[in-house]
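K.L.:
Here it is, the structure in full.
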Amino acid sequence: MDNIFSDIFSIVEIDKLHSKHEFDLLIDNLTNRPAPLREAVAYKLEEVFCEEYADEKTAQVILCAITDINPNVSRNICQIIEKSSLLKTLLEERIINKINTILGQIPEIEQRKNNKSHVKNKLFFALYWLLEALSYCISNKYNEKIFEILQICINFTDYTIREKTAKILSIVDNPPIELVDKIKSDTNFYVNFYTTLYKK
(Lines give C-alpha, C1' and ligand atoms only; values in the text may rest on other atoms or scores of the structure.)
Protein backbone atom coordinates (compact mmCIF):
# COMPACT_ATOMS: atom_id res chain seq x y z
CA MET A 1 0.00 0.00 0.00
CA ASP A 2 2.86 2.37 0.78
CA ASN A 3 4.22 1.76 -2.73
CA ILE A 4 0.87 2.75 -4.23
CA PHE A 5 0.83 6.05 -2.37
CA SER A 6 4.43 6.65 -3.40
CA ASP A 7 3.53 5.97 -7.03
CA ILE A 8 0.51 8.26 -6.84
CA PHE A 9 2.62 11.06 -5.37
CA SER A 10 5.21 10.61 -8.14
CA ILE A 11 2.49 10.79 -10.80
CA VAL A 12 0.92 13.91 -9.31
CA GLU A 13 4.34 15.59 -9.34
CA ILE A 14 4.80 15.10 -13.09
CA ASP A 15 4.64 18.40 -14.95
CA LYS A 16 5.83 17.24 -18.38
CA LEU A 17 6.63 14.03 -20.24
CA HIS A 18 10.06 14.16 -21.84
CA SER A 19 10.03 10.99 -23.95
CA LYS A 20 7.83 8.30 -25.40
CA HIS A 21 9.27 5.94 -22.78
CA GLU A 22 7.92 8.16 -19.99
CA PHE A 23 4.61 8.45 -21.81
CA ASP A 24 4.32 4.67 -22.19
CA LEU A 25 5.17 4.11 -18.52
CA LEU A 26 2.35 6.43 -17.52
CA ILE A 27 -0.11 4.84 -19.96
CA ASP A 28 0.80 1.35 -18.71
CA ASN A 29 -0.50 2.31 -15.26
CA LEU A 30 -3.93 3.21 -16.62
CA THR A 31 -5.18 -0.38 -16.56
CA ASN A 32 -4.75 -3.42 -14.31
CA ARG A 33 -3.58 -1.32 -11.38
CA PRO A 34 -5.32 -0.33 -8.10
CA ALA A 35 -8.19 2.15 -8.54
CA PRO A 36 -6.49 5.12 -6.80
CA LEU A 37 -3.46 4.75 -9.07
CA ARG A 38 -5.58 4.50 -12.23
CA GLU A 39 -7.47 7.62 -11.19
CA ALA A 40 -4.22 9.53 -10.61
CA VAL A 41 -2.90 8.47 -14.02
CA ALA A 42 -6.12 9.50 -15.79
CA TYR A 43 -6.08 12.86 -14.02
CA LYS A 44 -2.44 13.49 -14.92
CA LEU A 45 -2.81 12.30 -18.51
CA GLU A 46 -5.43 14.97 -19.09
CA GLU A 47 -2.75 17.53 -18.23
CA VAL A 48 0.29 16.07 -20.01
CA PHE A 49 -1.08 13.95 -22.87
CA CYS A 50 1.27 14.12 -25.89
CA GLU A 51 -0.16 13.23 -29.30
CA GLU A 52 3.35 12.87 -30.70
CA TYR A 53 3.90 9.84 -28.44
CA ALA A 54 0.51 8.23 -28.98
CA ASP A 55 0.12 5.16 -31.18
CA GLU A 56 -2.13 2.13 -31.74
CA LYS A 57 -1.19 0.68 -28.34
CA THR A 58 -2.12 3.97 -26.70
CA ALA A 59 -5.51 3.87 -28.40
CA GLN A 60 -6.15 0.33 -27.17
CA VAL A 61 -5.31 1.23 -23.57
CA ILE A 62 -7.47 4.36 -23.75
CA LEU A 63 -10.33 2.28 -25.17
CA CYS A 64 -10.16 -0.06 -22.17
CA ALA A 65 -9.95 2.86 -19.74
CA ILE A 66 -13.17 4.41 -21.08
CA THR A 67 -15.11 1.66 -19.31
CA ASP A 68 -13.13 1.68 -16.07
CA ILE A 69 -15.34 0.84 -13.09
CA ASN A 70 -14.23 4.13 -11.53
CA PRO A 71 -16.32 6.90 -13.17
CA ASN A 72 -13.63 9.47 -12.40
CA VAL A 73 -11.26 7.55 -14.65
CA SER A 74 -13.90 7.30 -17.40
CA ARG A 75 -14.66 11.01 -17.14
CA ASN A 76 -11.02 12.06 -17.42
CA ILE A 77 -10.42 9.71 -20.32
CA CYS A 78 -13.36 11.22 -22.22
CA GLN A 79 -11.91 14.69 -21.63
CA ILE A 80 -8.56 13.51 -23.02
CA ILE A 81 -10.31 12.18 -26.14
CA GLU A 82 -12.19 15.47 -26.54
CA LYS A 83 -8.88 17.36 -26.75
CA SER A 84 -7.01 14.93 -29.03
CA SER A 85 -7.72 14.84 -32.76
CA LEU A 86 -5.47 11.79 -33.09
CA LEU A 87 -7.38 9.78 -30.48
CA LYS A 88 -10.67 10.74 -32.10
CA THR A 89 -9.42 9.28 -35.40
CA LEU A 90 -7.96 6.16 -33.81
CA LEU A 91 -10.91 5.44 -31.54
CA GLU A 92 -14.15 6.22 -33.37
CA GLU A 93 -14.53 2.87 -35.14
CA ARG A 94 -13.13 0.96 -32.16
CA ILE A 95 -15.72 2.55 -29.87
CA ILE A 96 -18.52 1.76 -32.32
CA ASN A 97 -17.45 -1.88 -32.42
CA LYS A 98 -17.26 -2.10 -28.64
CA ILE A 99 -20.72 -0.56 -28.28
CA ASN A 100 -22.12 -3.14 -30.71
CA THR A 101 -20.52 -5.91 -28.68
CA ILE A 102 -22.21 -4.65 -25.52
CA LEU A 103 -25.56 -4.21 -27.26
CA GLY A 104 -25.28 -7.86 -28.32
CA GLN A 105 -24.54 -8.97 -24.75
CA ILE A 106 -27.40 -7.16 -23.00
CA PRO A 107 -30.25 -9.30 -24.46
CA GLU A 108 -28.29 -12.45 -23.59
CA ILE A 109 -27.99 -11.33 -19.97
CA GLU A 110 -31.68 -10.40 -19.80
CA GLN A 111 -32.75 -13.83 -21.07
CA ARG A 112 -30.75 -15.84 -18.53
CA LYS A 113 -32.80 -17.46 -15.78
CA ASN A 114 -30.10 -16.61 -13.23
CA ASN A 115 -29.92 -13.04 -14.47
CA LYS A 116 -27.61 -11.04 -12.24
CA SER A 117 -28.60 -7.37 -12.13
CA HIS A 118 -25.04 -6.28 -11.31
CA VAL A 119 -23.80 -7.84 -14.57
CA LYS A 120 -26.45 -5.93 -16.52
CA ASN A 121 -25.68 -2.72 -14.61
CA LYS A 122 -22.00 -3.10 -15.46
CA LEU A 123 -22.87 -3.35 -19.17
CA PHE A 124 -25.13 -0.28 -18.92
CA PHE A 125 -22.34 1.62 -17.16
CA ALA A 126 -19.88 0.70 -19.93
CA LEU A 127 -22.40 1.62 -22.63
CA TYR A 128 -23.01 5.01 -21.03
CA TRP A 129 -19.32 5.95 -21.07
CA LEU A 130 -18.71 4.54 -24.55
CA LEU A 131 -21.56 6.67 -25.90
CA GLU A 132 -20.09 9.67 -24.11
CA ALA A 133 -16.67 8.96 -25.62
CA LEU A 134 -18.23 8.47 -29.05
CA SER A 135 -19.85 11.90 -28.81
CA TYR A 136 -16.34 13.40 -28.89
CA CYS A 137 -15.20 11.32 -31.87
CA ILE A 138 -17.93 11.97 -34.43
CA SER A 139 -16.42 12.45 -37.89
CA ASN A 140 -19.61 11.61 -39.84
CA LYS A 141 -17.56 8.87 -41.53
CA TYR A 142 -19.40 6.10 -39.69
CA ASN A 143 -22.84 7.69 -39.42
CA GLU A 144 -24.69 4.68 -40.83
CA LYS A 145 -23.27 2.44 -38.10
CA ILE A 146 -23.90 5.12 -35.48
CA PHE A 147 -27.55 5.52 -36.53
CA GLU A 148 -28.04 1.75 -36.17
CA ILE A 149 -26.71 2.00 -32.61
CA LEU A 150 -28.92 4.98 -31.80
CA GLN A 151 -32.01 3.17 -33.13
CA ILE A 152 -31.47 0.66 -30.33
CA CYS A 153 -30.32 3.02 -27.58
CA ILE A 154 -33.19 5.45 -28.06
CA ASN A 155 -35.59 2.78 -26.74
CA PHE A 156 -33.71 2.05 -23.51
CA THR A 157 -35.69 2.42 -20.29
CA ASP A 158 -32.62 3.92 -18.63
CA TYR A 159 -32.84 7.64 -19.38
CA THR A 160 -29.06 8.12 -19.15
CA ILE A 161 -28.60 5.99 -22.27
CA ARG A 162 -31.34 7.94 -24.07
CA GLU A 163 -29.63 11.16 -22.94
CA LYS A 164 -26.35 10.12 -24.59
CA THR A 165 -28.32 9.09 -27.67
CA ALA A 166 -29.84 12.57 -27.79
CA LYS A 167 -26.43 14.18 -27.36
CA ILE A 168 -24.96 12.26 -30.32
CA LEU A 169 -27.98 13.14 -32.47
CA SER A 170 -27.25 16.82 -31.76
CA ILE A 171 -23.74 16.39 -33.21
CA VAL A 172 -24.08 14.19 -36.30
CA ASP A 173 -24.97 15.54 -39.73
CA ASN A 174 -28.44 14.75 -41.08
CA PRO A 175 -29.81 12.77 -38.11
CA PRO A 176 -32.79 10.55 -39.04
CA ILE A 177 -35.97 12.50 -38.50
CA GLU A 178 -37.70 9.58 -36.76
CA LEU A 179 -34.95 9.55 -34.11
CA VAL A 180 -35.13 13.30 -33.64
CA ASP A 181 -38.92 13.10 -33.27
CA LYS A 182 -38.53 10.43 -30.58
CA ILE A 183 -36.19 12.66 -28.62
CA LYS A 184 -38.54 15.61 -29.00
CA SER A 185 -41.38 13.56 -27.52
CA ASP A 186 -39.28 12.13 -24.69
CA THR A 187 -40.70 13.16 -21.33
CA ASN A 188 -37.34 13.21 -19.56
CA PHE A 189 -35.93 16.75 -19.26
CA TYR A 190 -32.29 15.71 -19.65
CA VAL A 191 -33.07 13.82 -22.85
CA ASN A 192 -35.37 16.44 -24.32
CA PHE A 193 -32.88 19.24 -23.59
CA TYR A 194 -30.73 18.29 -26.57
CA THR A 195 -33.50 19.11 -29.06
CA THR A 196 -32.53 22.76 -28.63
CA LEU A 197 -29.06 21.95 -30.00
CA TYR A 198 -30.04 19.97 -33.08
CA LYS A 199 -28.73 21.13 -36.41
CA LYS A 200 -31.34 22.55 -38.73
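Just so we're on the same page: first chain in the C-alpha coordinates is A, next is B, and so on; residues restart at 1 for each chain, and ligands are numbered from 1 in the order they show up.
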Within 8 Å of A:Tyr198, counting only C-alpha atoms, which residues qualify if same-chain residues fewer than 3 places away don't, as a list in words?
P.N.:
Leu169, Ser170, Ile171, Tyr194 and Thr195 of chain A
K.L.:
Quick one: residues within 10 Å of stretch 19-28 of chain A, only C-alpha atoms counted, chain neighbours fewer than 5 positions away excluded, as a ChimeraX atom specification?
P.N.:
/A:11,33,38,41-42,44-45,48-50,52-55,57-58,61-62
K.L.:
I need the chosen residues saved as a tab-separated table (two decimals), in the first residue's frame, with all heavy atoms.
P.N.:
```tsv
chain	number	residue	atom	x	y	z
A	11	ILE	N	3.30	10.44	-9.63
A	11	ILE	CA	2.49	10.79	-10.80
A	11	ILE	C	1.95	12.21	-10.70
A	11	ILE	O	2.01	12.98	-11.65
A	11	ILE	CB	1.34	9.77	-10.96
A	11	ILE	CG1	1.90	8.43	-11.43
A	11	ILE	CG2	0.29	10.28	-11.95
A	11	ILE	CD1	0.92	7.28	-11.33
A	33	ARG	N	-4.24	-1.82	-12.58
A	33	ARG	CA	-3.58	-1.32	-11.38
A	33	ARG	C	-4.66	-0.93	-10.38
A	33	ARG	O	-5.84	-0.81	-10.74
A	33	ARG	CB	-2.70	-0.10	-11.71
A	33	ARG	CG	-1.58	-0.37	-12.70
A	33	ARG	CD	-0.64	-1.47	-12.23
A	33	ARG	NE	0.00	-1.20	-10.96
A	33	ARG	CZ	1.14	-0.53	-10.83
A	33	ARG	NH1	1.77	-0.03	-11.87
A	33	ARG	NH2	1.66	-0.35	-9.62
A	38	ARG	N	-4.98	4.26	-10.91
A	38	ARG	CA	-5.58	4.50	-12.23
A	38	ARG	C	-6.19	5.89	-12.30
A	38	ARG	O	-6.08	6.59	-13.31
A	38	ARG	CB	-6.66	3.45	-12.54
A	38	ARG	CG	-6.15	2.03	-12.59
A	38	ARG	CD	-7.15	1.08	-13.26
A	38	ARG	NE	-8.50	1.22	-12.81
A	38	ARG	CZ	-9.03	0.60	-11.75
A	38	ARG	NH1	-8.28	-0.21	-11.01
A	38	ARG	NH2	-10.31	0.77	-11.43
A	41	VAL	N	-3.45	8.49	-12.66
A	41	VAL	CA	-2.90	8.47	-14.02
A	41	VAL	C	-3.85	9.18	-14.98
A	41	VAL	O	-3.42	9.99	-15.81
A	41	VAL	CB	-2.64	7.02	-14.48
A	41	VAL	CG1	-2.27	6.99	-15.97
A	41	VAL	CG2	-1.52	6.40	-13.66
A	42	ALA	N	-5.15	8.87	-14.90
A	42	ALA	CA	-6.12	9.50	-15.79
A	42	ALA	C	-6.15	11.01	-15.59
A	42	ALA	O	-6.22	11.78	-16.56
A	42	ALA	CB	-7.52	8.91	-15.54
A	44	LYS	N	-3.68	12.90	-14.44
A	44	LYS	CA	-2.44	13.49	-14.92
A	44	LYS	C	-2.35	13.46	-16.45
A	44	LYS	O	-1.86	14.41	-17.07
A	44	LYS	CB	-1.24	12.75	-14.31
A	44	LYS	CG	0.13	13.33	-14.67
A	44	LYS	CD	0.22	14.83	-14.41
A	44	LYS	CE	0.04	15.20	-12.95
A	44	LYS	NZ	0.31	16.65	-12.71
A	45	LEU	N	-2.85	12.40	-17.05
A	45	LEU	CA	-2.81	12.30	-18.51
A	45	LEU	C	-3.58	13.44	-19.17
A	45	LEU	O	-3.21	13.92	-20.25
A	45	LEU	CB	-3.38	10.96	-18.97
A	45	LEU	CG	-2.40	9.82	-19.16
A	45	LEU	CD1	-3.14	8.54	-19.51
A	45	LEU	CD2	-1.37	10.15	-20.23
A	48	VAL	N	-1.00	16.21	-19.31
A	48	VAL	CA	0.29	16.07	-20.01
A	48	VAL	C	0.22	15.18	-21.24
A	48	VAL	O	1.27	14.80	-21.78
A	48	VAL	CB	1.38	15.54	-19.04
A	48	VAL	CG1	1.56	16.50	-17.87
A	48	VAL	CG2	1.05	14.13	-18.56
A	49	PHE	N	-0.97	14.84	-21.72
A	49	PHE	CA	-1.08	13.95	-22.87
A	49	PHE	C	-0.33	14.52	-24.07
A	49	PHE	O	-0.49	15.70	-24.41
A	49	PHE	CB	-2.54	13.71	-23.24
A	49	PHE	CG	-2.73	12.65	-24.30
A	49	PHE	CD1	-2.79	11.32	-23.94
A	49	PHE	CD2	-2.83	12.99	-25.63
A	49	PHE	CE1	-2.95	10.33	-24.91
A	49	PHE	CE2	-3.00	12.02	-26.60
A	49	PHE	CZ	-3.06	10.69	-26.24
A	50	CYS	N	0.47	13.68	-24.73
A	50	CYS	CA	1.27	14.12	-25.89
A	50	CYS	C	0.89	13.31	-27.11
A	50	CYS	O	1.18	12.11	-27.19
A	50	CYS	CB	2.77	13.93	-25.62
A	50	CYS	SG	3.41	14.85	-24.24
A	52	GLU	N	2.18	13.33	-29.97
A	52	GLU	CA	3.35	12.87	-30.70
A	52	GLU	C	3.84	11.51	-30.21
A	52	GLU	O	4.51	10.79	-30.95
A	52	GLU	CB	4.49	13.89	-30.59
A	52	GLU	CG	4.96	14.11	-29.16
A	52	GLU	CD	6.00	15.22	-29.05
A	52	GLU	OE1	7.12	15.03	-29.53
A	52	GLU	OE2	5.65	16.28	-28.49
A	53	TYR	N	3.49	11.13	-28.99
A	53	TYR	CA	3.90	9.84	-28.44
A	53	TYR	C	2.82	8.78	-28.57
A	53	TYR	O	3.07	7.60	-28.32
A	53	TYR	CB	4.27	9.98	-26.97
A	53	TYR	CG	5.42	10.93	-26.68
A	53	TYR	CD1	5.40	11.75	-25.56
A	53	TYR	CD2	6.52	11.01	-27.53
A	53	TYR	CE1	6.45	12.62	-25.28
A	53	TYR	CE2	7.57	11.88	-27.28
A	53	TYR	CZ	7.53	12.68	-26.14
A	53	TYR	OH	8.57	13.54	-25.86
A	54	ALA	N	1.63	9.17	-28.94
A	54	ALA	CA	0.51	8.23	-28.98
A	54	ALA	C	0.57	7.35	-30.22
A	54	ALA	O	1.03	7.77	-31.28
A	54	ALA	CB	-0.81	9.00	-28.95
A	55	ASP	N	0.12	6.10	-30.06
A	55	ASP	CA	0.12	5.16	-31.18
A	55	ASP	C	-1.05	4.18	-31.01
A	55	ASP	O	-1.95	4.41	-30.19
A	55	ASP	CB	1.46	4.40	-31.27
A	55	ASP	CG	1.85	3.74	-29.95
A	55	ASP	OD1	0.95	3.51	-29.11
A	55	ASP	OD2	3.04	3.45	-29.76
A	57	LYS	N	-1.15	1.25	-29.69
A	57	LYS	CA	-1.19	0.68	-28.34
A	57	LYS	C	-1.85	1.66	-27.38
A	57	LYS	O	-2.67	1.27	-26.54
A	57	LYS	CB	0.22	0.36	-27.85
A	57	LYS	CG	0.26	-0.18	-26.43
A	57	LYS	CD	1.68	-0.33	-25.91
A	57	LYS	CE	1.68	-0.71	-24.43
A	57	LYS	NZ	3.05	-0.77	-23.86
A	58	THR	N	-1.51	2.94	-27.53
A	58	THR	CA	-2.12	3.97	-26.70
A	58	THR	C	-3.64	3.95	-26.87
A	58	THR	O	-4.39	3.99	-25.89
A	58	THR	CB	-1.60	5.37	-27.08
A	58	THR	OG1	-0.18	5.36	-27.07
A	58	THR	CG2	-2.12	6.43	-26.13
A	61	VAL	N	-5.26	1.03	-25.02
A	61	VAL	CA	-5.31	1.23	-23.57
A	61	VAL	C	-6.40	2.25	-23.21
A	61	VAL	O	-7.17	2.05	-22.27
A	61	VAL	CB	-3.94	1.69	-23.03
A	61	VAL	CG1	-4.04	2.04	-21.54
A	61	VAL	CG2	-2.90	0.59	-23.23
A	62	ILE	N	-6.45	3.33	-23.98
A	62	ILE	CA	-7.47	4.36	-23.75
A	62	ILE	C	-8.87	3.77	-23.92
A	62	ILE	O	-9.80	4.06	-23.14
A	62	ILE	CB	-7.27	5.56	-24.69
A	62	ILE	CG1	-5.97	6.31	-24.37
A	62	ILE	CG2	-8.47	6.50	-24.65
A	62	ILE	CD1	-5.98	7.06	-23.07
```
K.L.:
Ranking A:Pro71, A:Leu127, A:Gln111, A:Glu82 by minimum distance to A:Ile95 and counting only C-alpha atoms, which one comes first?
P.N.:
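Of the candidates, the smallest distance to A:Ile95 is held by A:Leu127.
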K.L.:
As a VMD selection string, please: the residues near A:Ile106 (cut-off 9 Å, only C-alpha atoms, same-chain neighbours under 6 positions excluded).
P.N.:
chain A and resid 120 123 to 124
K.L.:
Going by DSSP on the backbone, which residues of stretch 84-186 of chain A come out as alpha helix (DSSP H)? List them as JSON, numbers by chain.
P.N.:
{"A": [85, 86, 87, 88, 89, 90, 91, 92, 93, 94, 95, 96, 97, 98, 99, 100, 101, 102, 103, 104, 105, 106, 107, 108, 109, 110, 111, 117, 118, 119, 120, 121, 122, 123, 124, 125, 126, 127, 128, 129, 130, 131, 132, 133, 134, 143, 144, 145, 146, 147, 148, 149, 150, 151, 152, 153, 159, 160, 161, 162, 163, 164, 165, 166, 167, 168, 169, 177, 178, 179, 180, 181, 182, 183, 184]}
